[in-house]
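> See structure18.cif below, with mmCIF, C-alpha atoms and all ligand atoms.
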data_model
loop_
_atom_site.label_atom_id
_atom_site.label_comp_id
_atom_site.auth_asym_id
_atom_site.auth_seq_id
_atom_site.Cartn_x
_atom_site.Cartn_y
_atom_site.Cartn_z
CA MET B 1 10.59 -22.27 56.61
CA THR B 2 13.49 -21.52 58.91
CA PHE B 3 14.05 -17.89 59.79
CA PRO B 4 17.15 -16.41 61.43
CA ASN B 5 17.08 -16.85 65.22
CA ASN B 6 16.76 -13.17 66.01
CA PHE B 7 14.04 -12.56 63.37
CA THR B 8 11.43 -10.01 64.45
CA TRP B 9 7.81 -11.16 64.30
CA GLY B 10 5.70 -8.12 64.87
CA VAL B 11 2.23 -6.70 64.57
CA ALA B 12 1.58 -3.09 63.57
CA THR B 13 -0.98 -0.35 64.20
CA SER B 14 -1.15 3.44 64.13
CA SER B 15 -2.42 5.97 66.64
CA TYR B 16 -5.40 7.52 64.86
CA GLN B 17 -6.57 4.15 63.58
CA ILE B 18 -6.86 2.53 67.02
CA GLU B 19 -6.52 4.91 69.96
CA GLY B 20 -9.86 6.74 70.04
CA ALA B 21 -10.12 9.11 73.04
CA VAL B 22 -9.56 12.09 70.78
CA ASN B 23 -10.79 14.58 73.36
CA GLU B 24 -9.03 13.17 76.38
CA ASP B 25 -6.08 14.25 78.50
CA GLY B 26 -5.44 17.45 76.59
CA ARG B 27 -4.93 15.90 73.14
CA GLY B 28 -4.97 18.59 70.45
CA GLN B 29 -7.02 18.45 67.26
CA SER B 30 -5.51 16.61 64.29
CA ILE B 31 -6.06 17.01 60.56
CA TRP B 32 -7.83 13.63 60.60
CA ASP B 33 -10.37 14.89 63.16
CA ASP B 34 -11.02 17.81 60.83
CA PHE B 35 -11.17 15.66 57.71
CA CYS B 36 -13.63 13.23 59.33
CA ASP B 37 -15.79 16.21 60.33
CA THR B 38 -16.01 17.24 56.68
CA PRO B 39 -19.08 15.66 55.05
CA GLY B 40 -18.35 13.26 52.21
CA LYS B 41 -14.70 12.56 53.04
CA ILE B 42 -15.14 9.24 54.86
CA ILE B 43 -17.16 6.59 53.07
CA ASP B 44 -19.33 5.65 56.08
CA GLY B 45 -19.24 9.08 57.72
CA SER B 46 -17.24 7.65 60.62
CA SER B 47 -14.09 8.84 62.38
CA GLY B 48 -11.33 7.65 64.67
CA ALA B 49 -13.00 9.32 67.67
CA ALA B 50 -13.60 5.97 69.37
CA ALA B 51 -11.87 3.47 67.03
CA CYS B 52 -10.60 0.48 69.07
CA ASP B 53 -10.44 2.48 72.30
CA HIS B 54 -6.83 1.37 72.63
CA TYR B 55 -6.15 4.49 74.71
CA HIS B 56 -8.05 2.77 77.54
CA LEU B 57 -7.55 -0.86 76.57
CA TRP B 58 -3.79 -0.78 75.96
CA GLN B 59 -3.03 -3.21 78.79
CA ASP B 60 -5.40 -5.80 77.34
CA ASP B 61 -3.93 -5.15 73.92
CA ILE B 62 -0.42 -5.85 75.20
CA LYS B 63 -1.72 -9.19 76.54
CA LEU B 64 -3.25 -9.81 73.12
CA ILE B 65 0.04 -9.11 71.34
CA LYS B 66 1.78 -11.41 73.79
CA SER B 67 -0.79 -14.13 73.18
CA LEU B 68 0.08 -13.98 69.46
CA ASN B 69 3.73 -14.66 70.37
CA ALA B 70 4.80 -11.46 68.62
CA ASN B 71 8.20 -10.29 69.87
CA ALA B 72 7.69 -6.76 68.54
CA TYR B 73 4.94 -4.16 68.30
CA ARG B 74 5.03 -1.28 65.83
CA PHE B 75 2.84 1.61 66.99
CA SER B 76 2.78 5.31 66.22
CA ILE B 77 2.80 8.32 68.49
CA ALA B 78 0.03 10.88 68.05
CA TRP B 79 1.86 14.19 67.68
CA PRO B 80 -1.16 16.21 68.96
CA ARG B 81 -1.35 14.09 72.12
CA VAL B 82 2.09 15.18 73.25
CA LEU B 83 2.25 18.64 71.62
CA PRO B 84 -1.37 19.78 71.29
CA ASP B 85 -0.38 22.80 69.20
CA GLY B 86 2.29 20.93 67.29
CA THR B 87 5.07 23.04 68.83
CA GLY B 88 5.69 24.61 72.23
CA ARG B 89 3.47 23.47 75.10
CA VAL B 90 4.03 19.83 76.07
CA GLU B 91 1.11 17.70 77.30
CA ARG B 92 2.53 15.51 80.05
CA ARG B 93 -0.51 13.21 80.09
CA GLY B 94 0.11 12.35 76.45
CA LEU B 95 3.75 11.51 77.16
CA ASP B 96 2.64 9.41 80.13
CA PHE B 97 0.44 7.31 77.89
CA TYR B 98 3.37 6.31 75.65
CA ASP B 99 5.65 5.94 78.68
CA LYS B 100 3.29 3.40 80.19
CA LEU B 101 2.73 1.65 76.88
CA VAL B 102 6.47 1.20 76.35
CA ASP B 103 7.01 -0.02 79.90
CA GLY B 104 4.14 -2.47 79.53
CA LEU B 105 5.53 -3.81 76.26
CA LEU B 106 9.00 -4.28 77.68
CA GLU B 107 7.65 -6.02 80.78
CA ALA B 108 5.83 -8.40 78.44
CA GLY B 109 9.04 -9.05 76.49
CA ILE B 110 7.78 -7.22 73.40
CA GLU B 111 10.15 -4.84 71.65
CA PRO B 112 8.59 -1.42 70.88
CA TYR B 113 9.08 -0.02 67.35
CA ALA B 114 7.93 3.59 67.53
CA THR B 115 6.78 5.48 64.44
CA LEU B 116 6.86 9.25 64.92
CA TYR B 117 4.39 10.16 62.19
CA HIS B 118 1.54 8.09 60.88
CA TRP B 119 -0.58 10.92 59.51
CA ASP B 120 -2.26 12.63 62.49
CA LEU B 121 -0.72 16.07 62.07
CA PRO B 122 -1.75 18.65 64.69
CA SER B 123 -4.35 20.92 63.08
CA ALA B 124 -2.51 23.93 64.49
CA LEU B 125 0.37 23.10 62.14
CA GLN B 126 -1.94 22.68 59.16
CA TYR B 127 -3.12 26.25 59.76
CA ARG B 128 0.54 27.22 59.34
CA GLY B 129 0.78 25.39 56.01
CA GLY B 130 1.39 21.86 57.25
CA TRP B 131 3.66 19.72 55.10
CA ALA B 132 3.77 22.43 52.44
CA ASN B 133 5.64 24.74 54.82
CA ARG B 134 9.41 24.13 54.88
CA ASP B 135 9.47 24.97 58.61
CA ILE B 136 7.85 21.62 59.28
CA ALA B 137 11.28 19.98 59.16
CA GLU B 138 12.22 21.92 62.31
CA TRP B 139 8.81 21.42 63.99
CA PHE B 140 9.19 17.71 63.37
CA ALA B 141 12.78 17.64 64.65
CA ASP B 142 11.67 19.33 67.90
CA TYR B 143 8.88 16.80 68.31
CA ALA B 144 11.31 13.94 67.56
CA SER B 145 13.74 15.30 70.17
CA LEU B 146 10.96 15.41 72.76
CA MET B 147 10.01 11.80 72.08
CA ALA B 148 13.62 10.60 72.04
CA ARG B 149 14.26 12.34 75.37
CA THR B 150 11.11 10.75 76.80
CA LEU B 151 11.34 7.21 75.44
CA GLY B 152 14.91 6.96 74.18
CA ASP B 153 16.13 5.23 77.32
CA ARG B 154 13.90 2.25 76.43
CA VAL B 155 12.94 2.50 72.76
CA THR B 156 15.83 1.71 70.45
CA GLN B 157 13.94 1.22 67.16
CA TRP B 158 12.55 4.42 65.62
CA MET B 159 10.72 5.07 62.40
CA THR B 160 10.38 8.66 61.30
CA ILE B 161 7.58 8.94 58.74
CA ASN B 162 5.17 6.29 57.56
CA GLU B 163 4.57 6.28 53.80
CA PRO B 164 5.59 9.81 52.82
CA TRP B 165 3.97 9.20 49.41
CA CYS B 166 0.59 9.13 51.18
CA VAL B 167 1.47 12.18 53.28
CA SER B 168 2.28 14.14 50.13
CA PHE B 169 0.69 12.85 46.91
CA LEU B 170 -2.36 11.02 48.28
CA SER B 171 -3.15 13.91 50.62
CA HIS B 172 -2.13 16.98 48.59
CA GLU B 173 -2.66 15.99 44.94
CA ILE B 174 -5.17 13.12 44.86
CA GLY B 175 -7.03 14.59 47.82
CA GLU B 176 -8.18 11.27 49.24
CA HIS B 177 -6.50 11.75 52.62
CA ALA B 178 -6.29 14.69 55.00
CA PRO B 179 -5.90 17.57 54.38
CA GLY B 180 -7.65 16.64 51.12
CA LEU B 181 -5.94 19.08 48.75
CA ARG B 182 -5.61 18.76 44.97
CA ASN B 183 -2.53 20.65 44.04
CA GLY B 184 0.39 19.00 42.24
CA LYS B 185 2.93 21.67 43.11
CA LEU B 186 2.05 21.55 46.80
CA ALA B 187 2.23 17.74 46.77
CA ARG B 188 5.77 17.73 45.35
CA GLN B 189 6.87 20.37 47.81
CA ALA B 190 5.26 18.42 50.66
CA ALA B 191 7.09 15.27 49.51
CA HIS B 192 10.39 17.13 49.67
CA HIS B 193 9.54 18.44 53.14
CA THR B 194 8.63 14.96 54.46
CA LEU B 195 12.15 13.89 53.50
CA LEU B 196 13.79 16.96 55.05
CA ALA B 197 11.78 16.23 58.20
CA HIS B 198 12.95 12.61 58.07
CA GLY B 199 16.58 13.72 57.86
CA ARG B 200 16.24 16.21 60.71
CA ALA B 201 14.35 13.69 62.87
CA MET B 202 17.08 11.07 62.40
CA GLN B 203 19.61 13.59 63.66
CA ALA B 204 17.36 14.57 66.57
CA VAL B 205 16.68 10.99 67.69
CA ARG B 206 20.36 10.06 67.50
CA ALA B 207 21.29 13.15 69.49
CA CYS B 208 18.62 12.89 72.20
CA ALA B 209 18.06 9.18 72.87
CA SER B 210 20.08 7.96 75.82
CA GLN B 211 20.40 4.44 74.37
CA PRO B 212 21.96 3.87 70.93
CA ALA B 213 19.05 4.30 68.55
CA LYS B 214 18.35 2.63 65.22
CA VAL B 215 16.40 5.01 62.97
CA GLY B 216 14.87 4.58 59.54
CA ILE B 217 12.00 5.58 57.28
CA VAL B 218 9.00 3.53 56.15
CA LEU B 219 8.27 3.63 52.41
CA ASN B 220 5.34 2.08 50.57
CA TYR B 221 5.65 0.33 47.23
CA GLU B 222 3.53 -1.21 44.49
CA PRO B 223 6.06 -3.01 42.26
CA CYS B 224 5.43 -2.68 38.52
CA LEU B 225 5.06 -6.15 36.98
CA PRO B 226 4.19 -7.26 33.45
CA PHE B 227 0.59 -8.36 32.94
CA ASP B 228 1.93 -11.48 31.23
CA ALA B 229 5.44 -12.36 32.34
CA ASN B 230 6.05 -14.19 29.03
CA ASN B 231 5.03 -11.33 26.78
CA PRO B 232 7.98 -9.08 25.75
CA ASP B 233 5.67 -6.09 25.24
CA ASP B 234 4.30 -6.45 28.76
CA ILE B 235 7.82 -6.78 30.14
CA GLU B 236 8.74 -3.55 28.37
CA ALA B 237 5.59 -1.89 29.73
CA ALA B 238 6.55 -2.84 33.29
CA ARG B 239 10.07 -1.50 32.71
CA LEU B 240 8.72 1.81 31.41
CA ALA B 241 6.23 2.06 34.29
CA ASP B 242 9.05 1.45 36.72
CA VAL B 243 11.07 4.34 35.30
CA GLN B 244 8.14 6.63 36.16
CA ASP B 245 7.32 4.92 39.45
CA PRO B 246 6.67 7.62 42.07
CA PHE B 247 7.48 5.41 45.06
CA HIS B 248 11.02 4.81 43.87
CA GLY B 249 11.51 8.06 42.01
CA TRP B 250 10.33 10.46 44.71
CA PHE B 251 11.46 8.45 47.73
CA THR B 252 13.96 5.55 47.30
CA CYS B 253 16.12 7.62 44.94
CA PRO B 254 16.54 10.65 47.21
CA VAL B 255 16.87 8.64 50.44
CA PHE B 256 19.47 6.21 49.10
CA HIS B 257 21.03 7.97 46.12
CA SER B 258 20.59 11.65 46.95
CA TYR B 259 18.62 12.66 43.83
CA TYR B 260 15.03 12.74 42.60
CA SER B 261 14.28 10.70 39.50
CA PRO B 262 15.23 12.89 36.52
CA GLU B 263 12.16 11.56 34.61
CA LEU B 264 9.77 12.63 37.37
CA MET B 265 11.47 15.98 37.81
CA ALA B 266 11.23 16.63 34.06
CA GLN B 267 7.57 15.55 33.95
CA SER B 268 6.77 17.87 36.86
CA GLY B 269 7.81 21.01 34.98
CA THR B 270 7.05 24.05 37.11
CA ASP B 271 5.52 21.80 39.78
CA ALA B 272 8.97 20.39 40.62
CA PRO B 273 9.90 20.98 44.27
CA ASN B 274 12.16 23.82 45.35
CA ILE B 275 15.36 22.32 46.66
CA GLN B 276 17.89 24.32 48.65
CA PRO B 277 21.64 23.70 48.91
CA GLY B 278 22.36 20.95 51.45
CA ASP B 279 18.86 19.44 51.27
CA MET B 280 19.82 16.31 49.36
CA ALA B 281 22.71 15.52 51.72
CA LEU B 282 20.38 15.87 54.70
CA ILE B 283 17.85 13.55 53.06
CA ALA B 284 20.39 10.92 52.05
CA GLN B 285 21.96 10.44 55.47
CA HIS B 286 22.62 6.92 56.66
CA ASN B 287 19.43 5.00 57.51
CA ASP B 288 19.92 2.18 60.01
CA PHE B 289 17.21 0.25 58.21
CA LEU B 290 14.48 0.60 55.62
CA GLY B 291 10.86 -0.16 56.51
CA ILE B 292 8.89 -1.55 53.59
CA ASN B 293 5.10 -1.47 53.35
CA ASN B 294 3.72 -3.62 50.59
CA TYR B 295 0.25 -4.92 49.85
CA THR B 296 -0.06 -5.33 46.10
CA VAL B 297 1.47 -4.83 42.65
CA GLY B 298 0.67 -2.88 39.49
CA ARG B 299 0.27 -4.91 36.25
CA TYR B 300 1.22 -3.27 32.97
CA ARG B 301 0.60 -3.72 29.25
CA LEU B 302 1.94 -1.68 26.36
CA GLN B 303 -0.46 0.55 24.43
CA ASN B 304 0.90 2.84 21.70
CA GLY B 305 4.33 2.48 23.22
CA GLN B 306 3.10 3.59 26.64
CA PRO B 307 2.66 1.51 29.82
CA VAL B 308 -0.97 1.17 30.88
CA ARG B 309 -2.00 -0.24 34.24
CA VAL B 310 -4.53 -3.04 33.88
CA ARG B 311 -6.49 -5.20 36.28
CA ASN B 312 -5.43 -8.83 36.33
CA GLN B 313 -8.96 -10.27 36.24
CA SER B 314 -7.85 -13.84 36.76
CA ALA B 315 -5.99 -13.08 40.00
CA GLU B 316 -7.46 -12.98 43.49
CA HIS B 317 -8.18 -9.49 44.81
CA THR B 318 -8.78 -8.28 48.36
CA LEU B 319 -11.71 -6.13 49.44
CA MET B 320 -9.58 -3.06 48.65
CA ASP B 321 -9.48 -4.46 45.09
CA TRP B 322 -5.75 -5.02 45.48
CA GLU B 323 -4.31 -7.96 43.59
CA VAL B 324 -2.87 -10.68 45.80
CA ALA B 325 0.66 -11.21 44.45
CA PRO B 326 3.31 -12.41 46.91
CA GLU B 327 5.82 -12.52 44.05
CA GLY B 328 5.63 -8.72 44.08
CA LEU B 329 7.00 -8.57 47.62
CA HIS B 330 9.74 -11.00 46.67
CA SER B 331 10.83 -9.00 43.63
CA LEU B 332 10.63 -5.76 45.65
CA LEU B 333 12.93 -7.11 48.36
CA MET B 334 15.41 -8.35 45.73
CA ARG B 335 15.36 -5.00 43.96
CA LEU B 336 15.81 -2.90 47.11
CA HIS B 337 18.62 -5.21 48.21
CA GLN B 338 20.41 -4.43 44.92
CA GLU B 339 19.66 -0.72 45.11
CA THR B 340 21.08 -0.43 48.60
CA ARG B 341 23.97 -2.77 47.70
CA GLY B 342 22.96 -5.10 50.50
CA LYS B 343 24.10 -2.52 53.06
CA VAL B 344 20.73 -1.51 54.53
CA PRO B 345 18.85 -4.00 56.69
CA MET B 346 15.18 -4.18 55.82
CA TYR B 347 11.96 -4.86 57.68
CA VAL B 348 8.59 -5.61 56.14
CA THR B 349 6.88 -3.05 58.36
CA GLU B 350 3.38 -3.57 56.94
CA ASN B 351 1.80 -6.35 54.93
CA GLY B 352 -1.72 -7.65 55.14
CA SER B 353 -5.11 -7.96 53.51
CA SER B 354 -8.66 -6.81 53.97
CA PHE B 355 -11.48 -9.30 53.58
CA ALA B 356 -15.01 -9.28 54.99
CA ASP B 357 -15.17 -11.63 57.97
CA GLN B 358 -17.85 -13.73 59.52
CA LEU B 359 -17.96 -14.48 63.21
CA VAL B 360 -19.04 -18.08 63.79
CA SER B 361 -20.18 -19.09 67.26
CA THR B 362 -20.19 -22.67 68.42
CA ASP B 363 -20.74 -23.64 72.05
CA GLY B 364 -20.22 -20.06 73.14
CA THR B 365 -16.82 -19.81 71.40
CA SER B 366 -16.44 -17.37 68.53
CA ARG B 367 -14.12 -18.07 65.60
CA ILE B 368 -13.37 -16.27 62.37
CA HIS B 369 -12.33 -18.62 59.61
CA ASP B 370 -10.53 -16.10 57.41
CA GLU B 371 -8.76 -18.58 55.14
CA ARG B 372 -7.98 -15.97 52.50
CA ARG B 373 -6.25 -13.62 54.94
CA ALA B 374 -4.33 -16.55 56.43
CA ALA B 375 -3.26 -17.69 52.94
CA TYR B 376 -2.21 -14.13 52.06
CA LEU B 377 -0.11 -13.96 55.22
CA LEU B 378 1.58 -17.31 54.57
CA GLY B 379 2.22 -16.46 50.90
CA HIS B 380 3.91 -13.18 51.76
CA VAL B 381 5.93 -14.64 54.63
CA GLU B 382 7.10 -17.32 52.20
CA ALA B 383 8.08 -14.62 49.68
CA THR B 384 10.08 -12.89 52.43
CA HIS B 385 11.70 -16.18 53.37
CA GLN B 386 12.77 -16.81 49.77
CA ALA B 387 14.42 -13.39 49.66
CA ILE B 388 16.30 -14.12 52.89
CA GLN B 389 17.45 -17.44 51.44
CA LYS B 390 18.90 -15.50 48.51
CA GLY B 391 20.93 -13.32 50.87
CA VAL B 392 18.62 -10.33 51.42
CA ASP B 393 19.01 -8.86 54.90
CA VAL B 394 15.38 -8.84 56.05
CA ARG B 395 15.29 -8.54 59.83
CA GLY B 396 11.58 -8.76 60.52
CA TYR B 397 7.99 -9.02 59.35
CA PHE B 398 5.13 -6.97 60.83
CA ALA B 399 1.57 -8.02 60.07
CA TRP B 400 -0.84 -5.21 59.28
CA SER B 401 -2.71 -5.07 61.39
CA LEU B 402 -2.86 -6.29 64.95
CA MET B 403 -6.61 -5.67 64.84
CA ASP B 404 -9.40 -4.32 62.66
CA ASN B 405 -9.38 -0.54 62.80
CA PHE B 406 -10.32 2.78 61.21
CA GLU B 407 -9.17 2.48 57.59
CA TRP B 408 -8.93 6.21 56.82
CA ALA B 409 -11.27 7.35 54.03
CA LYS B 410 -12.74 3.81 53.94
CA GLY B 411 -13.90 4.18 57.54
CA TYR B 412 -14.80 0.89 59.22
CA GLN B 413 -15.64 -0.82 55.92
CA GLN B 414 -12.30 -2.61 55.57
CA TRP B 415 -10.91 -5.27 57.86
CA PHE B 416 -7.13 -5.75 57.92
CA GLY B 417 -6.85 -7.18 61.45
CA ILE B 418 -5.58 -10.62 62.34
CA VAL B 419 -7.76 -9.95 65.36
CA HIS B 420 -11.45 -9.09 64.98
CA VAL B 421 -12.87 -6.10 66.86
CA ASP B 422 -16.51 -5.82 67.78
CA TYR B 423 -16.75 -2.03 67.86
CA ALA B 424 -19.93 -2.06 69.98
CA THR B 425 -18.35 -4.01 72.82
CA GLN B 426 -14.64 -3.60 71.99
CA LYS B 427 -14.28 -7.36 72.29
CA ARG B 428 -11.21 -8.72 70.48
CA THR B 429 -11.33 -12.19 68.89
CA ILE B 430 -8.26 -13.77 67.34
CA LYS B 431 -8.99 -14.78 63.73
CA ASP B 432 -7.60 -17.93 62.13
CA SER B 433 -5.01 -15.68 60.44
CA GLY B 434 -3.99 -14.58 63.94
CA TRP B 435 -3.53 -18.20 64.96
CA ALA B 436 -1.49 -18.73 61.78
CA PHE B 437 0.66 -15.72 62.69
CA LYS B 438 1.15 -17.15 66.17
CA LYS B 439 2.37 -20.41 64.71
CA LEU B 440 4.89 -18.59 62.52
CA ALA B 441 6.08 -16.45 65.40
CA SER B 442 6.47 -19.41 67.76
CA ARG B 443 9.70 -21.13 67.06
CA ASP B 444 8.81 -24.47 68.54
O1 LIG S 501 -4.19 1.13 57.09
C1 LIG S 501 -3.17 1.53 56.24
C2 LIG S 501 -1.99 2.05 57.04
O2 LIG S 501 -2.37 3.10 57.85
C3 LIG S 501 -0.91 2.53 56.11
N1 LIG S 501 -0.55 1.52 55.15
C4 LIG S 501 -1.63 0.88 54.43
C5 LIG S 501 -2.68 0.38 55.40
C6 LIG S 501 -3.82 -0.30 54.62
O3 LIG S 501 -4.41 0.57 53.72
#
Would you encode the structure as structure tokens?
Ligand code: IFM

Amino acid sequence: MTFPNNFTWGVATSSYQIEGAVNEDGRGQSIWDDFCDTPGKIIDGSSGAAACDHYHLWQDDIKLIKSLNANAYRFSIAWPRVLPDGTGRVERRGLDFYDKLVDGLLEAGIEPYATLYHWDLPSALQYRGGWANRDIAEWFADYASLMARTLGDRVTQWMTINEPWCVSFLSHEIGEHAPGLRNGKLARQAAHHTLLAHGRAMQAVRACASQPAKVGIVLNYEPCLPFDANNPDDIEAARLADVQDPFHGWFTCPVFHSYYSPELMAQSGTDAPNIQPGDMALIAQHNDFLGINNYTVGRYRLQNGQPVRVRNQSAEHTLMDWEVAPEGLHSLLMRLHQETRGKVPMYVTENGSSFADQLVSTDGTSRIHDERRAAYLLGHVEATHQAIQKGVDVRGYFAWSLMDNFEWAKGYQQWFGIVHVDYATQKRTIKDSGWAFKKLASRD
């Protein structure tokens, strides 16, 4: 596989999943601290309080990223570390942490890709309604301005919100993520507000960064595919499922076409979001790129004329019970290329797999032979490569994740890292998938 010369080979993480140090240097409380404190919310009763202790080990982690030959690192900024109350008082020590991290990355020749929001909302803002309060668009814009003023002389790649579907539907309707609500109306309103916040943050970053900034959003997708690609009924089922697909309908449509899917709006009835004049234009501003997070697909069959999601028993599944289907990423890239008329560069900002690992020690050297994760990685990189060959403007691939970490409601019971973390000692060990990544990222 030959990739374009300037292709970005990155690894990705997020603040709450790796930083730990939740009570240090004036960091404010986040909704994930609260959620983890609520019995029954996290499968193993754990939290991100210590996680990978990246807050203290960041210098070693930069060396680790370098040793993988990654030329980019996608990380997120913890809003409550820099604005403990969400608005107002700035915590200088929090800003210093990201200042040093960015300097360290640049010194190591690694390009920083900063995500402004990867789910750790300051609790103080949740008390004011959180994502369900329209004011959050302005709170977020102020926070984005602060970060662009602080880092915008060195960071040129900015991502506003990671997976707004999770921020809204998974967290406000399904209740699996913080703040753990189950209210369809609130979820739809929160979704609309994530996009308003995205629009306002793009404006803020462009206005406040002293270097020309590239700004975009990161959307997650599970492409709808037929259970049997040769069965016309299944093909029809996948088509019907796609028409109702929330990832496209609530997010791609507004961001790139300035409207919510009419089918989803009609289905929502009185739960449909309130939209004010000017909102859709703000949401559909020019994105410098689109970040795509993809892990799996949905398979569909037709039952009584309706699409029904089924498990493809004969396919390989990860520990998350997600079907391994690189063709899904390929078809997604082709489809988004068409939808954006080839005008929006794309990055695969997250892709990876969770499998249980075994540390094998021989002669004092530890190895993790994670063949399945390595094969997943290669399969999806190949799918990306095929899309590029067909003319899709994919600028980079970020492996999720740099290292094993706190997997939200699944606690420490899932392992997405291409680097193993021993949480007792914080020792990092590169897995075979990490060595495979290194080979891909090394151009020699
Ligand atoms: O760990 C998460 C990440 O925070 C967001 N995207 C999906 C990953 C795996 O579930």
> Which residues form the shell of 7 Å around ligand LIG 501 (chain S) when you count all atoms listed in the file, given as a list in words?
Ser14, Asn293, Glu350, Glu407 and Trp408 of chain B
> Can you tell me how far atom CA of Asn162 of chain B sits from atom CA of Ala284 of chain B, in Å to one decimal?
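Interatomic distance here is 16.8 Å.
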> Kindly give the distance, in Å, that separates atom CA of Tyr73 of chain B and atom CA of Thr156 of chain B, rounded to a single decimal.
12.6 Å
> From the list B:Val324, B:Cys166, B:Ala144, B:Ala51, which residue is nearest Trp119 of chain B when using all atoms listed in the file?
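For Trp119 of chain B, the nearest of the given residues is B:Cys166.
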> Under the rule that all atoms listed in the file are counted, which of B:Ala21, B:Met159, B:Leu83, B:Leu186 is the nearest residue to His172 of chain B?
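Answer, going by the shortest atom-to-atom distance: B:Leu186.
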> Hey, can you check how far atom CA of Ala229 of chain B sits from atom CA of Cys253 of chain B?
25.9 Å
> Of the candidates B:Ser145, B:Gln358, B:Ser353, B:Thr296, which shows the shortest atom-to-atom distance to Ala325 of chain B, using all atoms listed in the file?
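Checking each candidate against Ala325 of chain B, we get B:Thr296 as the closest.
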> Quick one: residues within 6 Å of segment 383-398 of chain B, all atoms listed in the file counted, chain neighbours fewer than 2 positions away excluded, as a VMD selection string?
chain B and resid 7 to 12 326 330 345 to 350 380 to 381
> Report as JSON lines the residues of segment 117-233 of chain B within 12 Å of segment 301-304 of chain B, each with its shortest atom pair and distance in Å (one decimal), using all atoms listed in the file, ordered by chain and increasing residue number.

{"residue": "B:Cys224", "atom": "CA", "partner": "B:Arg301", "partner_atom": "CA", "distance": 10.5}
{"residue": "B:Leu225", "atom": "CA", "partner": "B:Arg301", "partner_atom": "CA", "distance": 9.2}
{"residue": "B:Pro226", "atom": "CA", "partner": "B:Arg301", "partner_atom": "CA", "distance": 6.6}
{"residue": "B:Phe227", "atom": "CA", "partner": "B:Arg301", "partner_atom": "CA", "distance": 5.9}
{"residue": "B:Asp228", "atom": "CA", "partner": "B:Arg301", "partner_atom": "CA", "distance": 8.1}
{"residue": "B:Ala229", "atom": "CA", "partner": "B:Arg301", "partner_atom": "CA", "distance": 10.4}
{"residue": "B:Asn230", "atom": "CA", "partner": "B:Arg301", "partner_atom": "CA", "distance": 11.8}
{"residue": "B:Asn231", "atom": "CA", "partner": "B:Arg301", "partner_atom": "CA", "distance": 9.1}
{"residue": "B:Pro232", "atom": "CA", "partner": "B:Leu302", "partner_atom": "CA", "distance": 9.6}
{"residue": "B:Asp233", "atom": "CA", "partner": "B:Leu302", "partner_atom": "CA", "distance": 5.9}
> Mind dumping a table of every segment 82-145 of chain B residue within 12 Å of segment 15-18 of chain B, with the nearest atom pair and its distance in Å to one decimal, using all atoms listed in the file, sorted by chain and rising number, as CSV?

residue,atom,partner,partner_atom,distance
B:Gly94,CA,B:Ser15,CA,12.0
B:Phe97,CA,B:Ser15,CA,11.7
B:Tyr98,CA,B:Ser15,CA,10.7
B:Ala114,CA,B:Ser15,CA,10.7
B:Thr115,CA,B:Ser15,CA,9.5
B:Leu116,CA,B:Ser15,CA,10.0
B:Tyr117,CA,B:Ser15,CA,9.2
B:His118,CA,B:Ser15,CA,7.3
B:Trp119,CA,B:Tyr16,CA,8.0
B:Asp120,CA,B:Tyr16,CA,6.4
B:Leu121,CA,B:Tyr16,CA,10.1
B:Pro122,CA,B:Tyr16,CA,11.7
> Choose the residue, out of B:Thr252, B:Lys185, B:Leu68, B:Pro39, that has the smallest atom-to-atom separation from Ala441 of chain B; count only C-alpha atoms.
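Using only C-alpha atoms, Ala441 of chain B sits closest to B:Leu68.
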> Between B:Ala272, B:Leu57, B:Ala178, B:Val255, which is the closest to Phe289 of chain B once you count all atoms listed in the file?
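Nearest to Phe289 of chain B: B:Val255.
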> B:Trp32, B:Trp131, B:Tyr221, B:Trp250: which is nearest Ser46 of chain B, counting all atoms listed in the file?
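The shortest atom-to-atom distance to Ser46 of chain B comes from B:Trp32.
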> Would you kindly return, as a PyMOL selection string, each protein, DNA or RNA residue with an atom no farther than 9 Å from any atom of Gln189 of chain B, considering all atoms listed in the file and excluding same-chain residues fewer than 3 positions away?
chain B and resi 131-134+168+184-186+192-194+271-275
> Can you pull out the residues contacting Gly434 of chain B? Cut-off 8 Å, using all atoms listed in the file, and skip same-chain residues under 3 positions away; I want them as a VMD selection string.
chain B and resid 68 374 418 to 419 430 to 431 437 to 438
> Write out as a PyMOL selection string the residues lying within 7 Å of Trp165 of chain B, counting all atoms listed in the file and excluding same-chain residues fewer than 4 positions away.
chain B and resi 169-170+191+247
> Mind checking which residues fall within 10 Å of Gly20 of chain B, counting only C-alpha atoms, ignoring those fewer than 2 positions away in the same chain, and posting them as a VMD selection string?
chain B and resid 15 to 18 22 to 24 47 to 56 406
